[in-house]
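Enquirer: Have a peek at entry-v4.cif (mmCIF, C-alpha atoms).
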data_input
#
loop_
_atom_site.label_atom_id
_atom_site.label_comp_id
_atom_site.auth_asym_id
_atom_site.auth_seq_id
_atom_site.Cartn_x
_atom_site.Cartn_y
_atom_site.Cartn_z
CA MET A 1 51.00 131.86 25.79
CA ASN A 2 52.04 132.59 22.22
CA ILE A 3 50.48 130.94 19.20
CA MET A 4 53.50 128.70 18.55
CA LEU A 5 53.43 127.35 22.13
CA LYS A 6 49.67 126.71 21.86
CA LYS A 7 50.24 124.70 18.68
CA ILE A 8 52.95 122.65 20.40
CA CYS A 9 50.66 121.92 23.37
CA LEU A 10 47.77 120.94 21.11
CA SER A 11 50.10 118.73 19.09
CA LEU A 12 51.31 117.01 22.27
CA LEU A 13 47.74 116.49 23.52
CA PHE A 14 46.76 115.00 20.17
CA SER A 15 49.77 112.67 20.18
CA ILE A 16 49.00 111.52 23.74
CA SER A 17 45.34 110.84 22.86
CA VAL A 18 46.40 108.84 19.79
CA LEU A 19 48.79 106.79 21.93
CA LEU A 20 46.07 106.14 24.53
CA VAL A 21 43.59 105.02 21.88
CA SER A 22 46.29 102.85 20.30
CA ALA A 23 47.09 101.28 23.68
CA GLN A 24 43.42 100.57 24.31
CA ASN A 25 43.01 98.97 20.89
CA GLN A 26 46.09 96.80 21.49
CA ALA A 27 44.72 95.75 24.87
CA THR A 28 41.43 94.59 23.32
CA ALA A 29 42.96 93.12 20.16
CA GLY A 30 43.29 89.78 21.96
CA TYR A 31 41.93 88.19 25.10
CA VAL A 32 43.01 88.62 28.71
CA LEU A 33 41.51 85.80 30.77
CA LYS A 34 41.84 86.36 34.51
CA GLY A 35 40.70 83.61 36.85
CA THR A 36 40.26 82.80 40.52
CA LEU A 37 40.09 79.28 41.91
CA ASN A 38 38.35 78.41 45.15
CA GLY A 39 39.79 75.16 46.44
CA ILE A 40 43.04 75.13 44.47
CA LYS A 41 45.96 77.24 45.67
CA ASN A 42 48.81 76.38 43.34
CA GLY A 43 49.43 74.36 40.20
CA LYS A 44 49.33 74.58 36.42
CA ILE A 45 46.35 75.38 34.22
CA TYR A 46 46.04 74.60 30.52
CA LEU A 47 43.84 76.19 27.86
CA SER A 48 42.87 73.69 25.15
CA SER A 49 40.96 73.53 21.88
CA TYR A 50 38.82 70.46 21.09
CA ASN A 51 38.52 69.14 17.55
CA GLU A 52 35.21 67.30 17.14
CA GLU A 53 36.28 65.81 13.80
CA ASP A 54 39.09 63.68 15.26
CA ARG A 55 38.08 63.96 18.94
CA THR A 56 41.41 65.33 20.08
CA SER A 57 42.31 68.21 22.40
CA THR A 58 45.29 70.46 21.79
CA ASN A 59 46.77 72.70 24.46
CA ILE A 60 47.09 76.22 23.06
CA ASP A 61 48.43 77.92 26.20
CA SER A 62 49.34 77.31 29.84
CA ALA A 63 49.64 79.45 32.95
CA THR A 64 50.77 79.11 36.54
CA VAL A 65 48.20 79.03 39.33
CA ALA A 66 49.54 81.08 42.27
CA ASN A 67 47.48 81.72 45.40
CA GLY A 68 44.34 80.62 43.57
CA THR A 69 44.71 83.00 40.62
CA PHE A 70 45.90 82.78 37.02
CA VAL A 71 46.09 84.91 33.87
CA PHE A 72 46.07 83.99 30.18
CA LYS A 73 46.85 86.44 27.39
CA GLY A 74 46.57 85.72 23.70
CA LYS A 75 44.57 86.15 20.54
CA LEU A 76 41.94 83.97 18.89
CA LYS A 77 41.01 83.86 15.23
CA ASN A 78 37.35 83.65 16.28
CA ALA A 79 35.42 83.22 19.49
CA GLU A 80 35.71 79.59 20.59
CA MET A 81 34.53 77.16 23.26
CA LEU A 82 37.75 76.17 25.02
CA GLY A 83 38.66 73.76 27.76
CA LEU A 84 40.44 74.48 31.03
CA ASN A 85 42.40 71.72 32.74
CA ILE A 86 43.99 72.23 36.14
CA LYS A 87 46.75 70.02 37.54
CA PRO A 88 47.37 68.37 39.89
CA GLY A 89 43.93 66.80 40.21
CA ASN A 90 42.90 66.90 36.53
CA TRP A 91 40.05 69.37 37.15
CA SER A 92 38.25 70.38 33.94
CA ALA A 93 35.85 73.11 32.83
CA ASN A 94 34.79 74.90 29.63
CA LEU A 95 34.27 78.52 28.69
CA PHE A 96 33.42 80.47 25.55
CA LEU A 97 36.42 82.72 25.12
CA GLU A 98 36.66 85.70 22.78
CA ASN A 99 39.07 88.55 22.15
CA ALA A 100 38.10 90.69 25.14
CA PRO A 101 38.91 91.07 28.85
CA VAL A 102 37.24 88.02 30.46
CA ASN A 103 37.04 86.97 34.11
CA ILE A 104 36.25 83.50 35.39
CA ASN A 105 35.64 82.28 38.92
CA ILE A 106 35.81 78.53 39.57
CA ASP A 107 34.77 76.74 42.76
CA THR A 108 35.78 73.09 43.23
CA THR A 109 32.90 72.26 45.57
CA GLY A 110 30.24 70.10 43.97
CA ALA A 111 32.58 68.91 41.20
CA GLU A 112 31.66 65.64 39.46
CA HIS A 113 34.51 63.16 40.02
CA TYR A 114 35.15 60.25 37.64
CA ASP A 115 37.56 57.31 37.35
CA TYR A 116 37.98 55.66 33.93
CA THR A 117 41.29 53.93 34.67
CA LYS A 118 39.75 50.48 34.16
CA TYR A 119 38.92 51.55 30.59
CA GLY A 120 42.49 52.62 29.92
CA GLN A 121 41.74 56.31 30.52
CA GLY A 122 42.36 58.72 33.40
CA LYS A 123 40.50 60.09 36.36
CA GLY A 124 39.66 63.62 37.40
CA ALA A 125 36.73 65.93 38.07
CA ARG A 126 34.37 68.09 36.02
CA LEU A 127 33.91 71.48 37.65
CA LYS A 128 30.31 72.60 38.04
CA LYS A 129 30.41 75.99 39.80
CA ILE A 130 31.75 78.40 37.18
CA THR A 131 31.01 82.09 36.66
CA VAL A 132 32.20 83.84 33.50
CA LYS A 133 32.04 87.62 32.98
CA GLY A 134 33.06 89.64 29.94
CA SER A 135 32.35 86.98 27.28
CA LYS A 136 29.32 87.90 25.21
CA SER A 137 29.50 84.50 23.51
CA GLN A 138 29.29 82.73 26.87
CA ASP A 139 26.30 84.86 27.89
CA GLN A 140 24.52 84.05 24.64
CA PHE A 141 25.20 80.33 24.87
CA ASP A 142 24.13 80.18 28.54
CA ALA A 143 20.89 81.99 27.71
CA LEU A 144 20.06 79.32 25.12
CA GLU A 145 21.06 76.38 27.33
CA ASN A 146 19.26 77.68 30.42
CA ASP A 147 16.02 78.75 28.79
CA PRO A 148 13.19 78.11 31.33
CA SER A 149 11.21 75.93 28.90
CA LEU A 150 14.21 73.61 28.48
CA ALA A 151 15.08 73.63 32.19
CA ALA A 152 11.61 72.29 33.07
CA LEU A 153 11.95 69.41 30.62
CA LYS A 154 15.46 68.63 31.89
CA THR A 155 14.09 68.30 35.41
CA LYS A 156 11.35 65.92 34.19
CA ARG A 157 13.82 63.80 32.24
CA GLU A 158 16.21 63.54 35.19
CA ALA A 159 13.34 62.44 37.46
CA ILE A 160 12.33 59.72 34.99
CA SER A 161 15.96 58.60 34.70
CA LYS A 162 16.13 58.08 38.47
CA GLN A 163 12.85 56.16 38.40
CA TYR A 164 14.16 53.99 35.56
CA THR A 165 17.32 53.12 37.50
CA ALA A 166 15.35 52.16 40.61
CA GLU A 167 12.55 50.29 38.81
CA LYS A 168 12.65 46.47 38.87
CA SER A 169 9.74 45.69 36.56
CA ALA A 170 10.76 45.27 32.89
CA GLU A 171 7.31 46.44 31.79
CA LYS A 172 7.54 49.61 33.89
CA LYS A 173 11.05 50.26 32.58
CA GLU A 174 9.74 50.20 29.02
CA GLU A 175 7.00 52.67 29.96
CA LEU A 176 9.54 55.00 31.57
CA LYS A 177 11.82 54.66 28.54
CA ALA A 178 8.97 55.67 26.24
CA ALA A 179 8.10 58.63 28.49
CA SER A 180 11.72 59.78 28.46
CA ALA A 181 11.85 59.50 24.66
CA LYS A 182 8.71 61.64 24.37
CA ILE A 183 10.23 64.33 26.61
CA SER A 184 13.47 64.23 24.60
CA GLU A 185 11.49 64.73 21.39
CA GLU A 186 9.73 67.74 22.89
CA TYR A 187 13.03 69.07 24.25
CA ASN A 188 14.69 68.82 20.81
CA ALA A 189 11.81 70.63 19.12
CA ILE A 190 11.92 73.54 21.58
CA GLN A 191 15.71 73.68 21.49
CA PHE A 192 15.76 73.85 17.69
CA LYS A 193 13.14 76.60 17.70
CA LEU A 194 15.19 78.65 20.19
CA ILE A 195 18.39 78.17 18.17
CA GLN A 196 16.60 79.17 14.96
CA GLN A 197 15.32 82.36 16.60
CA PHE A 198 18.79 83.18 17.88
CA ILE A 199 20.40 82.59 14.48
CA THR A 200 17.83 84.90 12.83
CA GLN A 201 18.64 87.65 15.32
CA ASN A 202 22.42 87.01 15.45
CA PRO A 203 23.57 85.40 12.15
CA SER A 204 27.21 86.38 12.76
CA ALA A 205 27.44 85.04 16.34
CA VAL A 206 29.88 82.14 16.76
CA SER A 207 27.83 81.06 19.78
CA ALA A 208 24.87 80.53 17.42
CA VAL A 209 26.71 78.20 15.05
CA TYR A 210 28.27 76.40 18.02
CA ALA A 211 24.84 75.87 19.61
CA PHE A 212 23.48 74.50 16.34
CA SER A 213 26.54 72.26 15.96
CA ASN A 214 25.82 70.78 19.39
CA TYR A 215 22.18 70.26 18.45
CA TYR A 216 23.05 68.63 15.13
CA ARG A 217 25.45 66.17 16.79
CA PHE A 218 22.44 64.50 18.43
CA ASN A 219 20.00 65.12 15.56
CA SER A 220 22.06 64.11 12.55
CA THR A 221 19.02 62.62 10.78
CA MET A 222 17.83 66.15 10.01
CA PRO A 223 16.93 66.33 6.30
CA VAL A 224 19.80 67.49 4.12
CA THR A 225 17.73 70.36 2.72
CA GLU A 226 16.96 71.61 6.24
CA LEU A 227 20.62 71.44 7.25
CA GLY A 228 21.52 73.47 4.16
CA LYS A 229 18.88 76.11 4.96
CA VAL A 230 20.25 76.56 8.47
CA LEU A 231 23.84 76.94 7.23
CA ASP A 232 22.74 79.48 4.62
CA GLN A 233 21.71 81.83 7.43
CA PHE A 234 25.18 82.25 8.96
CA LYS A 235 27.36 85.24 8.12
CA GLY A 236 30.60 86.95 9.13
CA GLU A 237 32.50 85.53 12.10
CA ALA A 238 30.07 82.63 12.49
CA LYS A 239 30.67 81.52 8.91
CA ALA A 240 34.44 81.90 9.38
CA SER A 241 34.44 79.65 12.46
CA ARG A 242 35.62 76.05 12.50
CA TYR A 243 32.18 74.98 13.72
CA TYR A 244 30.63 76.22 10.48
CA SER A 245 33.42 74.60 8.46
CA ALA A 246 32.80 71.21 10.09
CA LEU A 247 29.05 71.46 9.44
CA ALA A 248 29.61 72.50 5.82
CA THR A 249 31.82 69.42 5.34
CA GLN A 250 29.11 67.17 6.79
CA LEU A 251 26.54 68.76 4.50
CA LYS A 252 28.75 68.07 1.48
CA ASP A 253 29.29 64.46 2.60
CA ARG A 254 25.56 63.94 3.11
CA GLU A 255 24.69 65.48 -0.26
CA ALA A 256 26.98 62.89 -1.86
CA LEU A 257 24.76 60.18 -0.31
CA LEU A 258 21.48 61.46 -1.73
CA PRO A 259 19.50 59.08 -3.97
CA GLY A 260 20.81 59.12 -7.54
CA ASN A 261 24.46 59.45 -6.56
CA LEU A 262 26.98 56.66 -6.99
CA ALA A 263 27.59 54.98 -3.63
CA PRO A 264 31.16 55.38 -2.33
CA ASP A 265 33.13 52.20 -2.96
CA PHE A 266 34.95 50.41 -0.15
CA THR A 267 36.84 47.20 0.51
CA LEU A 268 36.62 45.29 3.78
CA VAL A 269 37.58 41.89 5.16
CA LYS A 270 35.34 38.82 5.35
CA LYS A 271 35.33 36.11 8.04
CA ASP A 272 37.95 34.07 6.14
CA SER A 273 40.21 37.19 5.94
CA SER A 274 39.69 37.57 2.20
CA LYS A 275 38.68 41.01 0.92
CA LEU A 276 35.38 42.06 -0.62
CA SER A 277 34.71 45.30 -2.47
CA LEU A 278 31.25 46.82 -2.78
CA SER A 279 31.85 47.44 -6.49
CA SER A 280 32.26 43.68 -7.06
CA LEU A 281 28.51 43.30 -6.47
CA ARG A 282 27.56 45.55 -9.41
CA GLY A 283 24.86 44.08 -11.61
CA LYS A 284 22.62 43.32 -8.62
CA TYR A 285 20.40 45.35 -6.35
CA VAL A 286 22.41 45.57 -3.14
CA MET A 287 21.33 46.49 0.37
CA ILE A 288 24.17 47.56 2.65
CA ASP A 289 23.18 46.59 6.19
CA PHE A 290 25.07 48.46 8.92
CA TRP A 291 24.80 46.39 12.12
CA ALA A 292 26.77 45.01 15.11
CA SER A 293 26.65 42.01 17.44
CA TRP A 294 25.90 44.29 20.41
CA CYS A 295 22.98 46.04 18.67
CA LYS A 296 19.70 44.48 19.83
CA PRO A 297 17.46 46.12 17.14
CA CYS A 298 19.94 44.98 14.47
CA ARG A 299 19.70 41.37 15.54
CA GLU A 300 15.93 41.54 15.97
CA ALA A 301 15.71 42.64 12.31
CA ILE A 302 17.68 39.64 10.98
CA PRO A 303 14.69 37.25 10.67
CA HIS A 304 12.90 39.83 8.51
CA TRP A 305 15.91 40.25 6.23
CA LYS A 306 16.21 36.48 5.88
CA GLN A 307 12.66 36.44 4.50
CA VAL A 308 13.40 39.35 2.17
CA TYR A 309 16.63 37.73 0.98
CA GLU A 310 14.89 34.42 0.28
CA LYS A 311 12.14 36.23 -1.63
CA TYR A 312 14.35 38.34 -3.90
CA ARG A 313 17.76 36.66 -4.16
CA GLY A 314 16.69 34.87 -7.35
CA LYS A 315 15.70 38.23 -8.87
CA GLY A 316 19.13 39.82 -8.62
CA PHE A 317 19.08 41.01 -5.00
CA GLU A 318 22.05 40.82 -2.60
CA ILE A 319 22.73 41.95 0.96
CA LEU A 320 26.10 43.06 2.27
CA SER A 321 26.26 43.34 6.06
CA VAL A 322 28.92 45.68 7.46
CA SER A 323 29.61 45.04 11.14
CA ASP A 324 30.49 47.86 13.52
CA ASP A 325 32.12 45.41 15.94
CA SER A 326 35.58 46.35 17.14
CA LYS A 327 36.23 42.78 18.36
CA TRP A 328 36.38 39.98 15.80
CA ASN A 329 35.37 37.28 18.29
CA ASP A 330 32.10 39.07 19.07
CA TRP A 331 31.36 39.45 15.37
CA ILE A 332 32.12 35.80 14.53
CA LYS A 333 30.12 34.51 17.51
CA ALA A 334 27.08 36.56 16.42
CA MET A 335 27.36 35.32 12.82
CA ASP A 336 27.56 31.70 14.01
CA ILE A 337 24.36 32.22 16.01
CA GLU A 338 22.39 34.19 13.41
CA GLN A 339 23.45 32.17 10.35
CA MET A 340 22.90 34.99 7.86
CA PRO A 341 23.17 33.54 4.32
CA TRP A 342 24.52 36.72 2.65
CA ALA A 343 27.90 38.45 2.42
CA GLN A 344 29.47 39.64 5.69
CA VAL A 345 32.37 42.06 6.23
CA ILE A 346 33.69 43.89 9.29
CA ASP A 347 34.42 47.61 9.43
CA GLU A 348 37.79 49.10 10.37
CA PHE A 349 38.79 51.42 13.21
CA PRO A 350 42.02 53.06 11.99
CA LYS A 351 41.92 55.86 14.59
CA LYS A 352 41.58 55.28 18.31
CA MET A 353 38.35 56.63 19.88
CA MET A 354 36.94 57.37 16.41
CA PRO A 355 33.96 55.79 14.59
CA ALA A 356 34.51 53.06 12.01
CA ARG A 357 35.90 54.01 8.60
CA VAL A 358 33.09 52.89 6.27
CA GLY A 359 30.36 53.85 8.74
CA SER A 360 31.83 57.36 8.76
CA LEU A 361 32.09 57.37 4.97
CA TYR A 362 28.36 56.68 4.83
CA GLN A 363 27.51 59.14 7.63
CA VAL A 364 26.01 56.35 9.76
CA HIS A 365 25.53 57.76 13.26
CA PHE A 366 23.38 54.93 14.63
CA ILE A 367 22.45 51.37 13.71
CA PRO A 368 20.68 49.53 12.21
CA PHE A 369 20.95 51.58 9.05
CA TYR A 370 20.32 50.61 5.43
CA VAL A 371 21.44 51.78 1.99
CA LEU A 372 19.80 50.24 -1.09
CA LEU A 373 21.67 50.45 -4.41
CA ASP A 374 20.61 49.84 -7.99
CA LYS A 375 22.48 47.55 -10.38
CA GLU A 376 24.87 50.37 -11.33
CA GLY A 377 25.77 51.09 -7.71
CA LYS A 378 23.67 54.24 -7.42
CA ILE A 379 21.79 55.00 -4.21
CA LEU A 380 18.06 54.29 -4.25
CA VAL A 381 17.21 54.44 -0.53
CA TYR A 382 19.24 55.82 2.37
CA SER A 383 17.35 55.25 5.61
CA ASP A 384 17.05 53.66 9.05
CA ASP A 385 13.50 52.58 8.18
CA GLU A 386 13.33 48.99 6.91
CA LYS A 387 9.82 49.65 5.54
CA LYS A 388 11.28 52.04 2.95
CA ILE A 389 13.60 49.27 1.75
CA ASP A 390 10.67 46.81 1.59
CA GLU A 391 8.54 49.25 -0.42
CA LYS A 392 11.30 49.99 -2.91
CA LEU A 393 12.14 46.31 -3.42
CA ALA A 394 8.46 45.52 -3.97
CA ALA A 395 8.26 48.28 -6.59
CA LEU A 396 11.42 47.08 -8.32
CA LEU A 397 11.11 43.29 -8.08
CA GLY A 398 7.44 42.71 -7.38
CA SER A 399 5.61 41.83 -4.20
#
Can I see the file as structure tokens?
Expert:
Amino acid sequence: MNIMLKKICLSLLFSISVLLVSAQNQATAGYVLKGTLNGIKNGKIYLSSYNEEDRTSTNIDSATVANGTFVFKGKLKNAEMLGLNIKPGNWSANLFLENAPVNINIDTTGAEHYDYTKYGQGKGARLKKITVKGSKSQDQFDALENDPSLAALKTKREAISKQYTAEKSAEKKEELKAASAKISEEYNAIQFKLIQQFITQNPSAVSAVYAFSNYYRFNSTMPVTELGKVLDQFKGEAKASRYYSALATQLKDREALLPGNLAPDFTLVKKDSSKLSLSSLRGKYVMIDFWASWCKPCREAIPHWKQVYEKYRGKGFEILSVSDDSKWNDWIKAMDIEQMPWAQVIDEFPKKMMPARVGSLYQVHFIPFYVLLDKEGKILVYSDDEKKIDEKLAALLGS
């Protein structure tokens, strides 16, 4: 073989290898999700993205189910927890998808069926037997969720829940409720520790910021400084994810509610349908009381606030109660019973299935909740603890 022919052969081999590498890179540039379904032969399957901020799901792709198999091909900006919905039957499942070849096997046996038609919603089934291979994000998230120390506490909590349902004695129910709360507190502490360890080891993992986002959803009273410290740890793809973006927005909103900041103004409707703005109460110390007719602790606190109001109203103190009731009749009935002598307004629900507007503005995730303002409308106390309000009022207006 002459030199020229050797050069041509080498050139061809090089070109072929480049093409093969290029083809491989193209194949892994996006995701290829292959699935098998045990119990469903044919139908349609949808891949959807859930937006926690407005609680809506958007279908991003669909595929045909043929002989119990399906294939999705596409590309994600970042790894993401996505939903799968199979029709007919409205079967649903979740998986952490990323740009890689991923396989999922779904078995319909043991699915959890539900029927919410009487609430104006649908019916379907949540699939329980799911195996995902090829998604590193799914593996990481599963490892956190299924940690043995958490699994043991889950088992204990489920056992107590069954006991609570079966128990007839009100006294015993309270004991079981307290025991469950103690286990939940221990569970949250261990879960946070595990998530922190994972973030330290994998600061760029989207699964890490997603796991923390899930944790924060149920632990939103975490101090603002602590939330900021956790977010400061994320890097790369985790920081570019929408989960990080949503948490960063919540951090910014909470920082705006720190003592010393001017309280966000709002205008709501009173019982007589006239409007009342928070800013109209400037010149007085004002406690915003977030409550609702259906909230037992809120109503149990009313006698205390009546005493506080009577004690300080002559010293420039006012209360503004903001109801989280979605039904006016319930709100009015509760006010008629409680006879609260201070200003009352009702919150608004402009978006279906979303929290109230002003409650969201003030990052109120549970009630009762209180915000004490100075005469200029600046925040003095932001807390669910009525004792903190009492202490501050005593310091300001005397005991």
Enquirer: Which is closer to A:Asp330 than all the others in A:Gln121, A:Trp294, A:Trp305, A:Gln344, using all atoms listed in the file?
Expert: A:Trp294
Enquirer: Compare A:Lys388, A:Arg254, A:Lys154, A:Lys177 by their minimum atom-to-atom distance to A:Ser360, counting only C-alpha atoms, and give me the closest one.
Expert: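 For A:Ser360, the nearest of the candidates is A:Arg254.
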Enquirer: Between atom CA of A:Lys333 and atom CA of A:Arg282, what is the distance in Å, rounded to a tenth?
Expert: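 Between atom CA of A:Lys333 and atom CA of A:Arg282 the gap is 29.2 Å.
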Enquirer: Nearest to A:Val364: which of A:Thr109, A:Gln191, A:Thr221, A:Thr56 is it, counting only C-alpha atoms?
Expert: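 Of A:Thr109, A:Gln191, A:Thr221, A:Thr56, the one nearest A:Val364, counting only C-alpha atoms, is A:Thr221.
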Enquirer: Under the rule of at most 10 Å, produce a per-residue listing of stretch 20-81 of chain A near stretch 225-240 of chain A: chain, number, name, the closest pair of atoms, and the distance in Å, as JSON lines, using all atoms listed in the file.
Expert:
{"residue": "A:Lys77", "atom": "CA", "partner": "A:Ala240", "partner_atom": "CA", "distance": 9.0}
{"residue": "A:Asn78", "atom": "CA", "partner": "A:Glu237", "partner_atom": "CA", "distance": 6.7}
{"residue": "A:Ala79", "atom": "CA", "partner": "A:Glu237", "partner_atom": "CA", "distance": 8.3}
Enquirer: With all atoms listed in the file as the basis for distance, which of A:Ala166, A:Leu268, A:Ile367, A:Ile337 is at the shortest distance from A:Leu320?
Expert: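 Among the listed residues, the smallest separation from A:Leu320 belongs to A:Leu268.
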Enquirer: So what do you get for atom CA of A:Gly83 versus atom CA of A:Thr131, distance-wise?
Expert: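 Separation of atom CA of A:Gly83 and atom CA of A:Thr131: 14.4 Å.
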Enquirer: Name the residues that the PyMOL selection byres ((chain A and resi 108) around 8) pulls out of this structure, and write them as a VMD selection string.
Expert: chain A and resid 37 to 40 106 to 107 109 to 111 127 to 129
Enquirer: Given the PyMOL selection byres ((chain A and resi 323) around 7) and the file above, list the residues it selects as a compact mmCIF listing (two decimals) with C-alpha atoms, keeping the file's coordinate frame.
Expert:
# COMPACT_ATOMS: atom_id res chain seq x y z
CA PHE A 290 25.07 48.46 8.92
CA TRP A 291 24.80 46.39 12.12
CA ALA A 292 26.77 45.01 15.11
CA SER A 321 26.26 43.34 6.06
CA VAL A 322 28.92 45.68 7.46
CA ASP A 324 30.49 47.86 13.52
CA ASP A 325 32.12 45.41 15.94
CA VAL A 345 32.37 42.06 6.23
CA ILE A 346 33.69 43.89 9.29
CA ASP A 347 34.42 47.61 9.43
Enquirer: Could you check the closest approach to A:Lys41 for each of A:Val65, A:Val358, A:Ala395, A:Val371 and tell me which residue wins, using all atoms listed in the file?
Expert: A:Val65
Enquirer: I need the residue nearest A:Pro223 from this list: A:Tyr243, A:Tyr46, A:Tyr210, A:Tyr382. Use only C-alpha atoms for the distance.
Expert: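 Among the listed residues, A:Tyr382 lies closest to A:Pro223.
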Enquirer: Separation of atom CA of A:Ser273 and atom CA of A:Asp289, in Å?
Expert: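 So the two atoms, atom CA of A:Ser273 and atom CA of A:Asp289, lie 19.5 Å apart.
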Enquirer: I'd like the residues picked by the PyMOL selection byres ((chain A and resi 139-153) around 12) written out as a PyMOL selection string, using the chain letters and numbers from the file.
Expert: chain A and resi 79-81+94-98+102+130-138+154-160+179-199+201-202+205-212+214-215
Enquirer: List the spatial neighbours of A:Lys375 as a tab-separated table (two decimals) with C-alpha atoms, in the coordinates of the input - criterion: any atom at most 10 Å away, all atoms listed in the file, same-chain residues fewer than 6 positions off excluded.
Expert:
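Listed below is the output, selection.tsv:
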chain	number	residue	atom	x	y	z
A	281	LEU	CA	28.51	43.30	-6.47
A	282	ARG	CA	27.56	45.55	-9.41
A	283	GLY	CA	24.86	44.08	-11.61
A	284	LYS	CA	22.62	43.32	-8.62
A	285	TYR	CA	20.40	45.35	-6.35
A	286	VAL	CA	22.41	45.57	-3.14
A	316	GLY	CA	19.13	39.82	-8.62
A	317	PHE	CA	19.08	41.01	-5.00
Enquirer: Skipping near chain neighbours, those fewer than 6 positions away, what residues fall within 8 Å of A:Pro259 using all atoms listed in the file, listed as a PyMOL selection string?
Expert: chain A and resi 378-382
Enquirer: Please provide as a PyMOL selection string all residues within 10 Å of A:Asp54, with the sequence filter that same-chain residues fewer than 3 positions apart are discarded (counting only C-alpha atoms).
Expert: chain A and resi 50-51+57+351-355
Enquirer: What would the file look like if the residues just selected were written as a tab-separated table (two decimals), in the frame of the given file with C-alpha atoms?
Expert:
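So selection06.tsv came out as:
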chain	number	residue	atom	x	y	z
A	50	TYR	CA	38.82	70.46	21.09
A	51	ASN	CA	38.52	69.14	17.55
A	57	SER	CA	42.31	68.21	22.40
A	351	LYS	CA	41.92	55.86	14.59
A	352	LYS	CA	41.58	55.28	18.31
A	353	MET	CA	38.35	56.63	19.88
A	354	MET	CA	36.94	57.37	16.41
A	355	PRO	CA	33.96	55.79	14.59
Enquirer: Would you mind putting back N, CA and C atoms on stretch 99-112 of chain A, then writing it out as an mmCIF file, in the frame of the given file?
Expert:
data_model
loop_
_atom_site.group_PDB
_atom_site.id
_atom_site.type_symbol
_atom_site.label_atom_id
_atom_site.label_comp_id
_atom_site.auth_asym_id
_atom_site.auth_seq_id
_atom_site.Cartn_x
_atom_site.Cartn_y
_atom_site.Cartn_z
ATOM 1 N N ASN A 99 38.037 87.517 22.032
ATOM 2 C CA ASN A 99 39.070 88.550 22.150
ATOM 3 C C ASN A 99 38.526 89.758 22.922
ATOM 4 N N ALA A 100 38.608 89.648 24.239
ATOM 5 C CA ALA A 100 38.100 90.690 25.140
ATOM 6 C C ALA A 100 38.636 90.399 26.537
ATOM 7 N N PRO A 101 38.553 91.349 27.444
ATOM 8 C CA PRO A 101 38.910 91.070 28.850
ATOM 9 C C PRO A 101 37.826 90.172 29.456
ATOM 10 N N VAL A 102 38.203 88.987 29.918
ATOM 11 C CA VAL A 102 37.240 88.020 30.460
ATOM 12 C C VAL A 102 37.699 87.571 31.840
ATOM 13 N N ASN A 103 36.750 87.462 32.763
ATOM 14 C CA ASN A 103 37.040 86.970 34.110
ATOM 15 C C ASN A 103 36.251 85.698 34.370
ATOM 16 N N ILE A 104 36.913 84.748 35.047
ATOM 17 C CA ILE A 104 36.250 83.500 35.390
ATOM 18 C C ILE A 104 36.535 83.148 36.843
ATOM 19 N N ASN A 105 35.479 82.750 37.538
ATOM 20 C CA ASN A 105 35.640 82.280 38.920
ATOM 21 C C ASN A 105 35.199 80.825 38.966
ATOM 22 N N ILE A 106 36.073 79.974 39.515
ATOM 23 C CA ILE A 106 35.810 78.530 39.570
ATOM 24 C C ILE A 106 35.867 78.062 41.014
ATOM 25 N N ASP A 107 34.834 77.309 41.414
ATOM 26 C CA ASP A 107 34.770 76.740 42.760
ATOM 27 C C ASP A 107 34.778 75.214 42.630
ATOM 28 N N THR A 108 35.657 74.548 43.363
ATOM 29 C CA THR A 108 35.780 73.090 43.230
ATOM 30 C C THR A 108 34.692 72.317 43.971
ATOM 31 N N THR A 109 33.957 72.974 44.844
ATOM 32 C CA THR A 109 32.900 72.260 45.570
ATOM 33 C C THR A 109 31.802 71.824 44.605
ATOM 34 N N GLY A 110 31.307 70.622 44.820
ATOM 35 C CA GLY A 110 30.240 70.100 43.970
ATOM 36 C C GLY A 110 30.721 69.561 42.641
ATOM 37 N N ALA A 111 32.046 69.433 42.458
ATOM 38 C CA ALA A 111 32.580 68.910 41.200
ATOM 39 C C ALA A 111 32.186 67.435 41.035
ATOM 40 N N GLU A 112 32.051 67.025 39.775
ATOM 41 C CA GLU A 112 31.660 65.640 39.460
ATOM 42 C C GLU A 112 32.933 64.827 39.193
#
